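Participant: My structure is below; once you've seen it, I'll send some questions.
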Amino acid sequence: MREVTLAEAAALAPVELRAQAMADFLAANGWAGIAPTMLAGDASFRRYYRLLDASRSVVLMDAPPPQEDVRPYVEVAEILRYLGLSAPEIYAQDGDRGFLLIEDFGDDTYTRLLTAGAEEGALYALAIDTLVALQRAVAADGLPDLPAYDEAPLLAEAALLADWYAPAVLGAPLSAAARAEYLALWREILSEAALPGPTLVLRDYHVDNLMLLRGRSGIRSCGLLDFQDAVCGPAAYDLVSLLEDARRNVPPAVRAAMTERYLAGFPGIDRAIFDRSAAILAAQRNCKILGIFTRLWRRDGKPGYLRHIPRVWRLIEEDLRAPALAPIAAWLDRYLPRSIRRIPETRNAA
């Protein structure tokens, strides 16, 4: 394919320029003339496409800089495969322009299978076994060189409720004093969230990012997606991400059974410490999600996530039953009482 000159590039609109860059990347890696078929977008700027010819199938990740960076995805995929898990192989990459060609895991996402009536317990059991295997492998091999998921990032995430969700339902920003009080409470409580020793945390470990790979056995039949934001942090985080799903109702019986299945994989764990850590991390994550879903609407023009807010509030109110979270519960009752725990009014948005 002919290279575009600088003069020609300058005349192209951003969308056309991105399309040309994609075409150049595909041509350079043996996929010239194959039209990509859109698979999915997500809450980020990433988009995914499938490319098919008579004998091959791959997935194209389009992650445009500067908003996205494909390099962490490549790094974490390598770590996960080294640990014996199923992350997609990377066939080609262009880190500067934000393109990857990766292994095509097919169409059997957990979300699609569950919607079609697949056995919920079996799928969640496989996800739990995969999580246990991941954390055991990290314990045996040592922590990877990934960012720490400690107080600073956890606190910054909790602040998203104060900075995005609260103003959207209150009609005005929180006072500086109220925000400072909220963060001070979280700072004190987060000190109790860490178990004895961090592990690899995928951060978005839920059914949208899990696949059933029918040609593989055991934990390798659980395909992992959307792990580029992996960090080293508290072990309970991915468990609550899976079981307190912001996008679907996980039955209480499934949540209880899967928690016990997870804990059976770590017989030496202190149950009281674990339960306290899990409750704190679940509340922190769900407060973060309220802020993220609101930000996706207000900043990024993606209002579709707002429909999940009532579920997220139900999860938060369950989390707040833990004694360690009593100060957060009191703050929320004061500044975001139950009467305004709702979906923001999009028609009144500025």
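Residues are referred to by chain and number: the chain letter is A, B, ... according to the order shown in the structure tokens, the number counts from 1 in that chain, and ligands are numbered separately from 1 in the order shown.
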Tell me, which residues of region 193-349 of chain A carry DSSP helix (DSSP H, G or I), written as JSON, numbers by chain?
Facilitator: {"A": [207, 208, 209, 218, 219, 220, 221, 236, 237, 238, 239, 240, 241, 242, 243, 252, 253, 254, 255, 256, 257, 258, 259, 260, 261, 262, 263, 264, 271, 272, 273, 274, 275, 276, 277, 278, 279, 280, 281, 282, 283, 284, 285, 286, 287, 288, 289, 290, 291, 292, 293, 294, 295, 296, 297, 298, 303, 304, 305, 306, 307, 308, 309, 310, 311, 312, 313, 314, 315, 316, 317, 318, 319, 323, 324, 325, 326, 327, 328, 329, 330, 331, 332, 333, 334, 335, 338, 339, 340, 346, 347, 348]}
Participant: Skip Ala168 (chain A) itself and residues of its chain fewer than 2 positions away, then list as a list in words all residues within 8 Å of it, counting only C-alpha atoms.
Facilitator: Trp164, Tyr165, Ala166, Leu170, Gly171, Ala172, Thr294, Pro344, Glu345 and Ala349 of chain A
Participant: Using only C-alpha atoms, which of the listed residues (A:Pro310, A:Gly265, A:Pro323, A:Pro303) sits closest to Ala133 (chain A)?
Facilitator: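 Looking at the shortest contact to Ala133 (chain A), the residue is A:Gly265.
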Participant: Per residue of region 203-279 of chain A within 10 Å of region 85-102 of chain A, which atom pair is closest and at what distance in Å (one decimal), using only C-alpha atoms, listed by chain and increasing number, as JSON lines?
Facilitator:
{"residue": "A:Met211", "atom": "CA", "partner": "A:Ser86", "partner_atom": "CA", "distance": 9.6}
{"residue": "A:Leu213", "atom": "CA", "partner": "A:Ser86", "partner_atom": "CA", "distance": 8.8}
{"residue": "A:Arg216", "atom": "CA", "partner": "A:Ser86", "partner_atom": "CA", "distance": 9.2}
{"residue": "A:Gly218", "atom": "CA", "partner": "A:Leu85", "partner_atom": "CA", "distance": 9.9}
{"residue": "A:Ile219", "atom": "CA", "partner": "A:Leu85", "partner_atom": "CA", "distance": 6.9}
{"residue": "A:Arg220", "atom": "CA", "partner": "A:Ser86", "partner_atom": "CA", "distance": 5.3}
{"residue": "A:Ser221", "atom": "CA", "partner": "A:Ser86", "partner_atom": "CA", "distance": 7.3}
{"residue": "A:Cys222", "atom": "CA", "partner": "A:Ser86", "partner_atom": "CA", "distance": 6.5}
{"residue": "A:Gly223", "atom": "CA", "partner": "A:Ser86", "partner_atom": "CA", "distance": 5.0}
{"residue": "A:Leu224", "atom": "CA", "partner": "A:Ala87", "partner_atom": "CA", "distance": 5.2}
{"residue": "A:Leu225", "atom": "CA", "partner": "A:Ala87", "partner_atom": "CA", "distance": 6.9}
{"residue": "A:Asp226", "atom": "CA", "partner": "A:Ala87", "partner_atom": "CA", "distance": 9.5}
{"residue": "A:Phe227", "atom": "CA", "partner": "A:Ala87", "partner_atom": "CA", "distance": 8.9}
Participant: Give me, please, the distance in Å between CA of Pro252 (chain A) and CA of Arg321 (chain A), quoted to one decimal.
Facilitator: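 The value is 15.2 Å.
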Participant: Between CA of Leu325 (chain A) and CA of Cys287 (chain A), what is the spacing in Å?
Facilitator: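 Distance reported for this atom pair: 12.4 Å.
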Participant: With DSSP run on the backbone, what are the strand (DSSP E or B) residues within region 18-204 of chain A? I'd like them as an MDAnalysis selection string.
Facilitator: chainID A and resid 37:41 47:52 57:62 86 90:94 99:103 109 148 199:201
Participant: Find the residue from A:Leu154, A:Leu315, A:Ala27, A:Ile309 that sits nearest to Val240 (chain A); use only C-alpha atoms when measuring.
Facilitator: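 Of A:Leu154, A:Leu315, A:Ala27, A:Ile309, the one nearest Val240 (chain A) is A:Leu315, counting only C-alpha atoms.
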Participant: Which distance in Å separates CA of Ala194 (chain A) and CA of Ala264 (chain A), to one decimal?
Facilitator: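 So the two atoms, CA of Ala194 (chain A) and CA of Ala264 (chain A), lie 19.3 Å apart.
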Participant: Please list as a VMD selection string every residue within 12 Å of region 329-342 of chain A, counting only C-alpha atoms and excluding residues in the same chain fewer than 2 positions away.
Facilitator: chain A and resid 161 to 162 165 to 171 173 to 175 177 to 186 189 280 283 to 284 287 290 294 306 to 314 316 to 327 344 to 346
Participant: So, with only C-alpha atoms as the atoms that count, which of A:Val59, A:Met38, A:Leu242, A:Ala28 lies closest to Thr130 (chain A)?
Facilitator: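 Checking each of A:Val59, A:Met38, A:Leu242, A:Ala28 against Thr130 (chain A), counting only C-alpha atoms, the winner is A:Leu242.
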Participant: At a cut-off of 12 Å, using only C-alpha atoms, what residues contact region 113-116 of chain A? Leave out same-chain residues fewer than 6 positions from it and give the result as a VMD selection string.
Facilitator: chain A and resid 107 122 to 124 207 to 208 210 to 213 248 to 250
Participant: List the spatial neighbours of Arg203 (chain A) as number ranges by chain - criterion: any atom at most 7 Å away, only C-alpha atoms, same-chain residues fewer than 2 positions off excluded.
Facilitator: A: 201, 205, 229-230, 238
Participant: I need the residues from that last selection saved to file as a PDB file, in the first residue's frame (with N, CA, C and O atoms), if you can.
Facilitator:
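Output below, filename out-v5.pdb:
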ATOM      1  N   VAL A 201      -3.400  -7.850  40.604  1.00  0.00           N
ATOM      2  CA  VAL A 201      -4.821  -7.483  40.560  1.00  0.00           C
ATOM      3  C   VAL A 201      -5.148  -7.026  39.148  1.00  0.00           C
ATOM      4  O   VAL A 201      -4.551  -6.072  38.642  1.00  0.00           O
ATOM      5  N   TYR A 205     -12.036  -7.642  36.695  1.00  0.00           N
ATOM      6  CA  TYR A 205     -12.264  -9.081  36.605  1.00  0.00           C
ATOM      7  C   TYR A 205     -13.751  -9.347  36.796  1.00  0.00           C
ATOM      8  O   TYR A 205     -14.239  -9.518  37.916  1.00  0.00           O
ATOM      9  N   ASP A 229      -4.752  -2.610  32.769  1.00  0.00           N
ATOM     10  CA  ASP A 229      -4.602  -1.761  33.945  1.00  0.00           C
ATOM     11  C   ASP A 229      -4.185  -2.556  35.181  1.00  0.00           C
ATOM     12  O   ASP A 229      -4.353  -2.085  36.310  1.00  0.00           O
ATOM     13  N   ALA A 230      -3.647  -3.766  34.986  1.00  0.00           N
ATOM     14  CA  ALA A 230      -3.266  -4.621  36.118  1.00  0.00           C
ATOM     15  C   ALA A 230      -2.234  -3.933  37.004  1.00  0.00           C
ATOM     16  O   ALA A 230      -1.390  -3.157  36.543  1.00  0.00           O
ATOM     17  N   ASP A 238     -10.069  -8.453  43.140  1.00  0.00           N
ATOM     18  CA  ASP A 238     -10.650  -9.090  41.962  1.00  0.00           C
ATOM     19  C   ASP A 238     -11.831  -9.974  42.315  1.00  0.00           C
ATOM     20  O   ASP A 238     -12.755 -10.142  41.496  1.00  0.00           O
TER      21      ASP A 238
END
Participant: Env of Ala278 (chain A): 8 Å cut, atoms = only C-alpha atoms, seq-sep filter 6 positions within chain, self excluded. Answer as a list in words.
Facilitator: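 Those residues are Ala193, Ala236, Tyr237 and Val240 of chain A.
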Participant: Looking at only C-alpha atoms, which of A:Tyr48, A:Val58, A:Leu80, A:Asp204 is the one that sits closest to Ile289 (chain A)?
Facilitator: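 Distance minimum relative to Ile289 (chain A) lands on A:Asp204.
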Participant: Tell me which of A:Ala257, A:Ala272, A:Ile343, A:Ala158 sits closest to Asn286 (chain A), counting only C-alpha atoms.
Facilitator: A:Ala158
